[in-house]
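File shown: work_24.cif (mmCIF, C-alpha atoms and all ligand atoms).
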data_input
#
loop_
_atom_site.label_atom_id
_atom_site.label_comp_id
_atom_site.auth_asym_id
_atom_site.auth_seq_id
_atom_site.Cartn_x
_atom_site.Cartn_y
_atom_site.Cartn_z
CA MET A 1395 -112.04 -45.41 -96.14
CA LYS A 1396 -115.61 -46.41 -96.58
CA ILE A 1397 -118.01 -44.87 -94.09
CA THR A 1398 -121.04 -46.90 -93.10
CA GLY A 1399 -122.94 -43.86 -91.95
CA THR A 1400 -123.63 -42.74 -88.47
CA ALA A 1401 -124.47 -44.64 -85.31
CA HIS A 1402 -126.34 -43.18 -82.41
CA VAL A 1403 -124.33 -43.75 -79.25
CA THR A 1404 -124.96 -42.87 -75.62
CA CYS A 1405 -121.93 -42.14 -73.44
CA PRO A 1406 -121.86 -44.78 -70.67
CA ALA A 1407 -120.48 -42.24 -68.17
CA CYS A 1408 -122.69 -39.16 -68.58
CA GLU A 1409 -125.45 -40.42 -70.89
CA ARG A 1410 -124.93 -37.61 -73.41
CA GLU A 1411 -126.05 -38.70 -76.86
CA HIS A 1412 -123.76 -38.62 -79.88
CA ASP A 1413 -123.91 -39.33 -83.59
CA VAL A 1414 -120.63 -40.93 -84.59
CA THR A 1415 -119.41 -42.05 -88.02
CA LEU A 1416 -118.32 -45.65 -88.32
CA VAL A 1417 -115.79 -46.88 -90.86
CA GLN A 1418 -116.60 -50.11 -92.67
CA SER A 1419 -113.32 -50.78 -94.43
CA ILE A 1420 -109.73 -49.58 -94.55
CA ASN A 1421 -107.20 -50.04 -97.32
CA THR A 1422 -103.79 -49.21 -95.87
CA GLN A 1423 -102.32 -48.32 -99.23
CA GLU A 1424 -104.95 -45.63 -99.76
CA HIS A 1425 -105.18 -44.56 -96.11
CA PRO A 1426 -101.95 -45.24 -94.20
CA GLU A 1427 -103.10 -42.77 -91.53
CA ALA A 1428 -106.05 -45.03 -90.69
CA LYS A 1429 -103.63 -47.85 -89.82
CA GLN A 1430 -101.76 -45.49 -87.49
CA GLN A 1431 -105.03 -44.49 -85.82
CA LEU A 1432 -105.86 -48.15 -85.30
CA LEU A 1433 -102.47 -48.92 -83.75
CA GLU A 1434 -102.81 -45.94 -81.44
CA GLY A 1435 -106.26 -47.07 -80.30
CA ASN A 1436 -107.96 -44.01 -81.77
CA PHE A 1437 -110.24 -45.78 -84.15
CA ASP A 1438 -114.01 -45.97 -83.80
CA VAL A 1439 -113.74 -44.35 -80.41
CA LEU A 1440 -116.35 -42.09 -78.83
CA ASP A 1441 -114.55 -39.14 -77.25
CA CYS A 1442 -117.16 -37.56 -75.01
CA GLU A 1443 -117.02 -34.00 -73.69
CA CYS A 1444 -117.14 -35.49 -70.18
CA GLY A 1445 -113.71 -37.05 -70.78
CA LYS A 1446 -114.88 -40.64 -71.10
CA ARG A 1447 -113.43 -42.61 -74.05
CA THR A 1448 -115.48 -45.55 -75.23
CA GLN A 1449 -114.37 -48.11 -77.79
CA LEU A 1450 -117.25 -48.68 -80.18
CA VAL A 1451 -118.02 -52.16 -81.42
CA ALA A 1452 -118.18 -52.23 -85.20
CA GLU A 1453 -117.54 -54.46 -88.16
CA LEU A 1454 -114.45 -53.50 -90.11
CA LEU A 1455 -112.57 -54.97 -93.07
CA TYR A 1456 -108.84 -54.26 -92.93
CA VAL A 1457 -106.94 -54.67 -96.20
CA ASP A 1458 -103.16 -54.34 -96.46
CA PRO A 1459 -102.38 -55.00 -100.14
CA ILE A 1460 -98.60 -54.91 -99.61
CA ALA A 1461 -98.56 -57.44 -96.76
CA ASN A 1462 -101.36 -59.29 -98.59
CA LEU A 1463 -103.32 -59.31 -95.34
CA TYR A 1464 -107.11 -59.28 -95.11
CA VAL A 1465 -108.71 -59.16 -91.67
CA GLN A 1466 -112.42 -58.87 -90.98
CA VAL A 1467 -113.42 -57.67 -87.52
CA ALA A 1468 -116.64 -59.51 -86.74
CA PRO A 1469 -117.93 -58.75 -83.24
CA THR A 1470 -121.05 -60.99 -83.45
CA ASP A 1471 -121.78 -64.56 -84.55
CA GLU A 1472 -123.83 -63.12 -87.38
CA ALA A 1473 -120.91 -60.97 -88.54
CA MET A 1474 -118.57 -64.00 -88.30
CA ALA A 1475 -120.86 -66.02 -90.57
CA LYS A 1476 -121.08 -63.12 -93.01
CA GLY A 1477 -117.29 -62.74 -92.98
CA GLU A 1478 -116.80 -66.45 -93.71
CA GLN A 1479 -119.10 -66.20 -96.70
CA ALA A 1480 -117.38 -63.06 -97.98
CA PHE A 1481 -113.92 -64.68 -97.78
CA ALA A 1482 -115.17 -67.89 -99.41
CA GLY A 1483 -116.63 -65.82 -102.25
CA ALA A 1484 -113.42 -63.82 -102.63
CA GLY A 1485 -111.39 -66.99 -103.21
CA ALA A 1486 -108.02 -67.80 -101.67
CA GLY A 1487 -105.23 -65.26 -101.77
CA GLY A 1488 -103.04 -63.75 -99.13
CA THR A 1489 -103.67 -64.19 -95.44
CA GLN A 1490 -107.39 -64.05 -94.59
CA ARG A 1491 -108.46 -63.81 -90.97
CA LEU A 1492 -111.61 -63.30 -88.94
CA VAL A 1493 -111.21 -61.68 -85.52
CA PRO A 1494 -113.77 -60.73 -82.87
CA SER A 1495 -112.46 -57.28 -81.94
CA LEU A 1496 -110.38 -54.27 -82.92
CA ASN A 1497 -107.82 -55.30 -80.28
CA ALA A 1498 -107.42 -58.64 -81.98
CA LEU A 1499 -107.02 -56.85 -85.31
CA VAL A 1500 -104.32 -54.59 -83.87
CA GLU A 1501 -102.41 -57.65 -82.68
CA LYS A 1502 -102.64 -59.25 -86.16
CA ILE A 1503 -101.24 -56.02 -87.66
CA LYS A 1504 -98.35 -55.92 -85.16
CA ILE A 1505 -97.52 -59.56 -85.90
CA ALA A 1506 -97.50 -58.93 -89.67
CA ASP A 1507 -95.44 -55.74 -89.26
CA ALA A 1508 -92.87 -57.72 -87.24
CA GLY A 1509 -92.58 -60.17 -90.16
CA LEU A 1510 -93.99 -63.02 -88.07
CA GLU A 1511 -96.78 -65.50 -88.78
CA ASP A 1512 -99.80 -65.31 -86.53
CA TRP A 1513 -100.37 -69.06 -86.28
CA VAL A 1514 -96.87 -69.62 -84.90
CA VAL A 1515 -97.31 -66.68 -82.52
CA GLU A 1516 -100.57 -68.18 -81.22
CA MET A 1517 -98.85 -71.53 -80.62
CA VAL A 1518 -95.94 -69.82 -78.83
CA LYS A 1519 -98.51 -68.12 -76.58
CA VAL A 1520 -100.07 -71.41 -75.56
CA LEU A 1521 -96.64 -72.90 -74.82
CA LEU A 1522 -95.68 -69.78 -72.84
CA LEU A 1523 -98.87 -69.86 -70.79
CA ALA A 1524 -98.59 -73.61 -70.21
CA SER A 1525 -95.04 -73.22 -68.91
CA ARG A 1526 -96.00 -70.77 -66.16
CA SER A 1527 -96.05 -71.94 -62.55
CA GLU A 1528 -99.83 -71.53 -62.53
CA PRO A 1529 -100.86 -72.26 -66.11
CA ASP A 1530 -103.95 -70.42 -67.30
CA LEU A 1531 -104.64 -71.04 -70.97
CA ASN A 1532 -107.42 -68.44 -70.93
CA ALA A 1533 -105.15 -65.59 -69.83
CA VAL A 1534 -105.02 -62.67 -72.25
CA LEU A 1535 -101.52 -62.50 -73.70
CA LEU A 1536 -100.92 -60.09 -76.57
CA PHE A 1537 -97.95 -59.90 -78.90
CA ASP A 1538 -96.46 -56.41 -78.92
CA HIS A 1539 -93.17 -56.28 -80.86
CA VAL A 1540 -89.82 -57.91 -81.63
CA ALA A 1541 -86.52 -56.30 -80.66
CA ASP A 1542 -83.00 -57.73 -80.39
CA ASN A 1543 -84.20 -61.29 -81.09
CA VAL A 1544 -86.74 -61.14 -78.27
CA LEU A 1545 -90.52 -61.26 -78.57
CA HIS A 1546 -92.22 -58.77 -76.29
CA TRP A 1547 -95.67 -59.57 -74.93
CA VAL A 1548 -98.25 -57.91 -72.76
CA MET A 1549 -100.12 -60.06 -70.27
CA LEU A 1550 -103.44 -58.64 -69.15
CA ALA A 1551 -104.26 -60.05 -65.73
CA GLY A 1552 -105.16 -57.54 -63.06
CA GLY A 1553 -103.30 -54.83 -64.99
CA ALA A 1554 -100.82 -55.10 -67.85
CA ARG A 1555 -97.53 -56.90 -67.34
CA ALA A 1556 -94.65 -57.22 -69.82
CA MET A 1557 -93.33 -60.66 -70.76
CA GLN A 1558 -90.53 -61.74 -73.08
CA SER A 1559 -89.56 -64.86 -74.98
CA PRO A 1560 -86.67 -65.66 -77.31
CA LEU A 1561 -87.20 -65.27 -81.07
CA ALA A 1562 -85.19 -68.49 -81.48
CA ALA A 1563 -88.02 -70.45 -79.82
CA TYR A 1564 -90.48 -68.98 -82.31
CA GLU A 1565 -88.23 -69.90 -85.22
CA LYS A 1566 -87.65 -73.41 -83.97
CA LEU A 1567 -91.39 -73.96 -83.63
CA ALA A 1568 -92.07 -72.45 -87.07
CA SER A 1569 -89.58 -74.81 -88.70
CA ARG A 1570 -90.67 -77.96 -86.87
CA THR A 1571 -94.42 -77.93 -86.70
CA GLN A 1572 -96.70 -78.95 -89.54
CA ALA A 1573 -99.59 -76.97 -88.10
CA ARG A 1574 -99.59 -74.21 -90.77
CA PRO A 1575 -103.25 -73.41 -91.45
CA LYS A 1576 -104.71 -74.13 -94.85
CA SER A 1577 -106.42 -71.36 -96.80
CA GLY A 1578 -109.98 -71.14 -95.54
CA GLU A 1579 -108.86 -71.51 -91.91
CA LEU A 1580 -109.86 -68.00 -90.92
CA ARG A 1581 -109.92 -68.05 -87.13
CA ILE A 1582 -106.37 -68.41 -85.87
CA ASP A 1583 -106.95 -67.78 -82.20
CA ARG A 1584 -106.38 -69.36 -78.79
CA MET A 1585 -108.76 -72.25 -79.43
CA TRP A 1586 -107.05 -73.00 -82.73
CA ALA A 1587 -103.61 -72.85 -81.09
CA ILE A 1588 -104.51 -75.16 -78.19
CA ALA A 1589 -105.71 -77.79 -80.67
CA ALA A 1590 -102.58 -77.29 -82.82
CA VAL A 1591 -100.25 -77.66 -79.82
CA GLN A 1592 -102.10 -80.78 -78.63
CA LYS A 1593 -101.79 -82.32 -82.09
CA MET A 1594 -98.09 -81.43 -82.23
CA MET A 1595 -97.47 -83.09 -78.86
CA ARG A 1596 -99.39 -86.17 -79.96
CA ASP A 1597 -97.79 -86.55 -83.39
CA GLY A 1598 -94.32 -85.41 -82.37
CA ASN A 1599 -94.18 -82.64 -84.97
ZN ZN A 1601 -119.83 -38.57 -71.48
#

Could you quickly redo this structure as structure tokens?
Amino acid sequence: MKITGTAHVTCPACEREHDVTLVQSINTQEHPEAKQQLLEGNFDVLDCECGKRTQLVAELLYVDPIANLYVQVAPTDEAMAKGEQAFAGAGAGGTQRLVPSLNALVEKIKIADAGLEDWVVEMVKVLLLASRSEPDLNAVLLFDHVADNVLHWVMLAGGARAMQSPLAAYEKLASRTQARPKSGELRIDRMWAIAAVQKMMRDGN
């Protein structure tokens, strides 16, 4: 792990001041425990004596050499632009993604661990949300895991709610659509997926 140094942070609950270390990059082969911390939501978190836990906002490069997955967390427009340049300079290779938050990174990791492709998952999300009785394409729907040929999701809308969808629907979509992103398409998110689904509907594949 590469440490960027310390950040000065004030607890939003009690206003105690803290110096916390921030991690700039993780290589999962060298530091498998860092991946576990991320998945458990214990990464770049301020744990204050008052009991308040605060997720810190930080840039982070996540590298999984075995899955060939490279994800840059870029919480600001400036960081996004920097991430795009860094990936362009690194050349194509593996799956390269830019995400706005640690939560989005955690979802990308869960998708890769499940052996799924994020772009298909994002399209499935849009189709799932569109098929609800009151469609809301902005609703937060996060992939969680696959078990017994079922995709398990968490919908965040006034609390967390579990949702499920058949793996077969994912596989059918993956085999039929021609939406697979080209290298250099770094932001595979809701906006990307809505455009991809619209194009699929229009072109019939
Ligand atoms: Zn506090």

Give the residue list for ligand ZN 1601 (chain A) at 6 Å, counting only C-alpha atoms and all ligand atoms, as an mmCIF file with C-alpha atoms, in the frame of the given file, sorted by chain and then by residue number.
data_model
loop_
_atom_site.group_PDB
_atom_site.id
_atom_site.type_symbol
_atom_site.label_atom_id
_atom_site.label_comp_id
_atom_site.auth_asym_id
_atom_site.auth_seq_id
_atom_site.Cartn_x
_atom_site.Cartn_y
_atom_site.Cartn_z
ATOM 1 C CA CYS A 1405 -121.930 -42.140 -73.440
ATOM 2 C CA ALA A 1407 -120.480 -42.240 -68.170
ATOM 3 C CA CYS A 1408 -122.690 -39.160 -68.580
ATOM 4 C CA GLU A 1409 -125.450 -40.420 -70.890
ATOM 5 C CA ARG A 1410 -124.930 -37.610 -73.410
ATOM 6 C CA CYS A 1442 -117.160 -37.560 -75.010
ATOM 7 C CA GLU A 1443 -117.020 -34.000 -73.690
ATOM 8 C CA CYS A 1444 -117.140 -35.490 -70.180
ATOM 9 C CA LYS A 1446 -114.880 -40.640 -71.100
#

Exercise for the section: Name the closest residue to Leu1492 of chain A among the candidates A:Gln1423, A:Thr1404, A:Gln1479, A:Ser1559; distances are taken between atoms, counting only C-alpha atoms. Expected result: A:Gln1479

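For the atom pair formed by atom CA of Ala1589 of chain A and atom CA of Ala1452 of chain A, the distance is 28.8 Å, given to one decimal.
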
Handout entry: Nearest to Asn1532 of chain A by atom-to-atom distance, counting only C-alpha atoms, from A:Asp1458, A:Glu1511, A:Glu1424, A:Asp1583
Key =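 Among the listed residues, A:Asp1583 lies closest to Asn1532 of chain A.
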
Problem - A:Val1514, A:Val1439, A:Leu1499, A:Ile1505 ranked by distance to His1412 of chain A, top pick (using only C-alpha atoms) - result: A:Val1439

Exercise for the section: Just the residues within 7 Å of Tyr1564 of chain A, please, counting only C-alpha atoms, with nothing from its chain fewer than 3 positions along; format it as a list of chain:residue names. Expected result: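 With the cut-off at 7 Å, the set is A:Val1514, A:Val1518, A:Leu1561, A:Leu1567, A:Ala1568.
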
Handout entry: Spatial neighbours of Lys1519 of chain A, max dist 12 Å, all atoms listed in the file, sep filter under 5 positions, as a VMD selection string
Key = chain A and resid 1512 to 1514 1524 to 1526 1529 to 1537 1545 to 1549 1557 to 1559 1563 to 1564 1567 1583 to 1588 1590 to 1591

Handout entry: Atom-to-atom span, atom CA of Gln1490 of chain A and atom CA of Leu1455 of chain A, Å
Key =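 According to the coordinates, atom CA of Gln1490 of chain A and atom CA of Leu1455 of chain A are separated by 10.6 Å.
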
Exercise for the section: For Pro1426 of chain A, list every protein, DNA or RNA residue within 12 Å, evaluated using all atoms listed in the file, and leave out those in the same chain fewer than 3 positions away; present the list as a list in words. Expected result: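 Listing them by chain and then by number gives Met1395, Ile1420, Asn1421, Thr1422, Gln1423, Lys1429, Gln1430, Gln1431, Leu1432, Leu1433, Tyr1456, Val1457, Asp1458, Pro1459 and Ile1460 of chain A.
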
Exercise for the section: For Ala1562 of chain A, work out the shell of residues within 8 Å, counting all atoms listed in the file and skipping chain neighbours fewer than 3 positions away, then give it as a list in words. Expected result: Asn1543, Glu1565 and Lys1566 of chain A

Just to be explicit: take each residue in the selection above, keep C-alpha atoms, and write the result as a compact mmCIF listing (two decimals), keeping the file's coordinate frame.
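Output contents, as saved in out24.txt:
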# COMPACT_ATOMS: atom_id res chain seq x y z
CA ASN A 1543 -84.20 -61.29 -81.09
CA GLU A 1565 -88.23 -69.90 -85.22
CA LYS A 1566 -87.65 -73.41 -83.97

Problem - d(atom CA of Val1417 of chain A, atom CA of Thr1400 of chain A) in Å - result: 9.2 Å

Problem - Selected residue, from A:Ala1461, A:Glu1516, A:Ala1508, A:Val1403, that lies nearest to Ala1541 of chain A when counting all atoms listed in the file - result: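 Ranking A:Ala1461, A:Glu1516, A:Ala1508, A:Val1403 by distance to Ala1541 of chain A, first place goes to A:Ala1508.
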
Practice task
Give the answer as one residue: which of A:Ala1401, A:Ala1498, A:Ala1428, A:Val1467 has the shortest atom-to-atom distance to Thr1415 of chain A, using all atoms listed in the file?
Solution key: A:Ala1401

Need a file for segment 1448-1473 of chain A from that block: C-alpha atoms, written as an mmCIF file, in the first residue's frame.
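Once everything was written out, this is decode-v3.cif:
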data_model
loop_
_atom_site.group_PDB
_atom_site.id
_atom_site.type_symbol
_atom_site.label_atom_id
_atom_site.label_comp_id
_atom_site.auth_asym_id
_atom_site.auth_seq_id
_atom_site.Cartn_x
_atom_site.Cartn_y
_atom_site.Cartn_z
ATOM 1 C CA THR A 1448 -17.087 8.839 8.887
ATOM 2 C CA GLN A 1449 -16.178 7.650 5.412
ATOM 3 C CA LEU A 1450 -13.366 9.841 4.133
ATOM 4 C CA VAL A 1451 -13.322 10.961 0.527
ATOM 5 C CA ALA A 1452 -10.019 10.117 -1.100
ATOM 6 C CA GLU A 1453 -8.484 9.185 -4.405
ATOM 7 C CA LEU A 1454 -7.449 5.561 -4.606
ATOM 8 C CA LEU A 1455 -6.042 3.308 -7.319
ATOM 9 C CA TYR A 1456 -7.124 -0.316 -6.932
ATOM 10 C CA VAL A 1457 -5.060 -2.884 -8.819
ATOM 11 C CA ASP A 1458 -5.956 -6.585 -8.941
ATOM 12 C CA PRO A 1459 -3.257 -8.164 -11.145
ATOM 13 C CA ILE A 1460 -4.929 -11.593 -11.145
ATOM 14 C CA ALA A 1461 -8.358 -10.346 -12.256
ATOM 15 C CA ASN A 1462 -6.533 -7.810 -14.459
ATOM 16 C CA LEU A 1463 -8.718 -5.090 -12.961
ATOM 17 C CA TYR A 1464 -7.661 -1.471 -12.528
ATOM 18 C CA VAL A 1465 -10.080 0.926 -10.845
ATOM 19 C CA GLN A 1466 -9.355 4.538 -9.990
ATOM 20 C CA VAL A 1467 -11.587 6.158 -7.380
ATOM 21 C CA ALA A 1468 -11.890 9.777 -8.456
ATOM 22 C CA PRO A 1469 -14.224 11.768 -6.200
ATOM 23 C CA THR A 1470 -13.840 15.104 -8.057
ATOM 24 C CA ASP A 1471 -13.969 16.248 -11.688
ATOM 25 C CA GLU A 1472 -10.307 17.120 -11.403
ATOM 26 C CA ALA A 1473 -9.457 13.612 -10.178
#
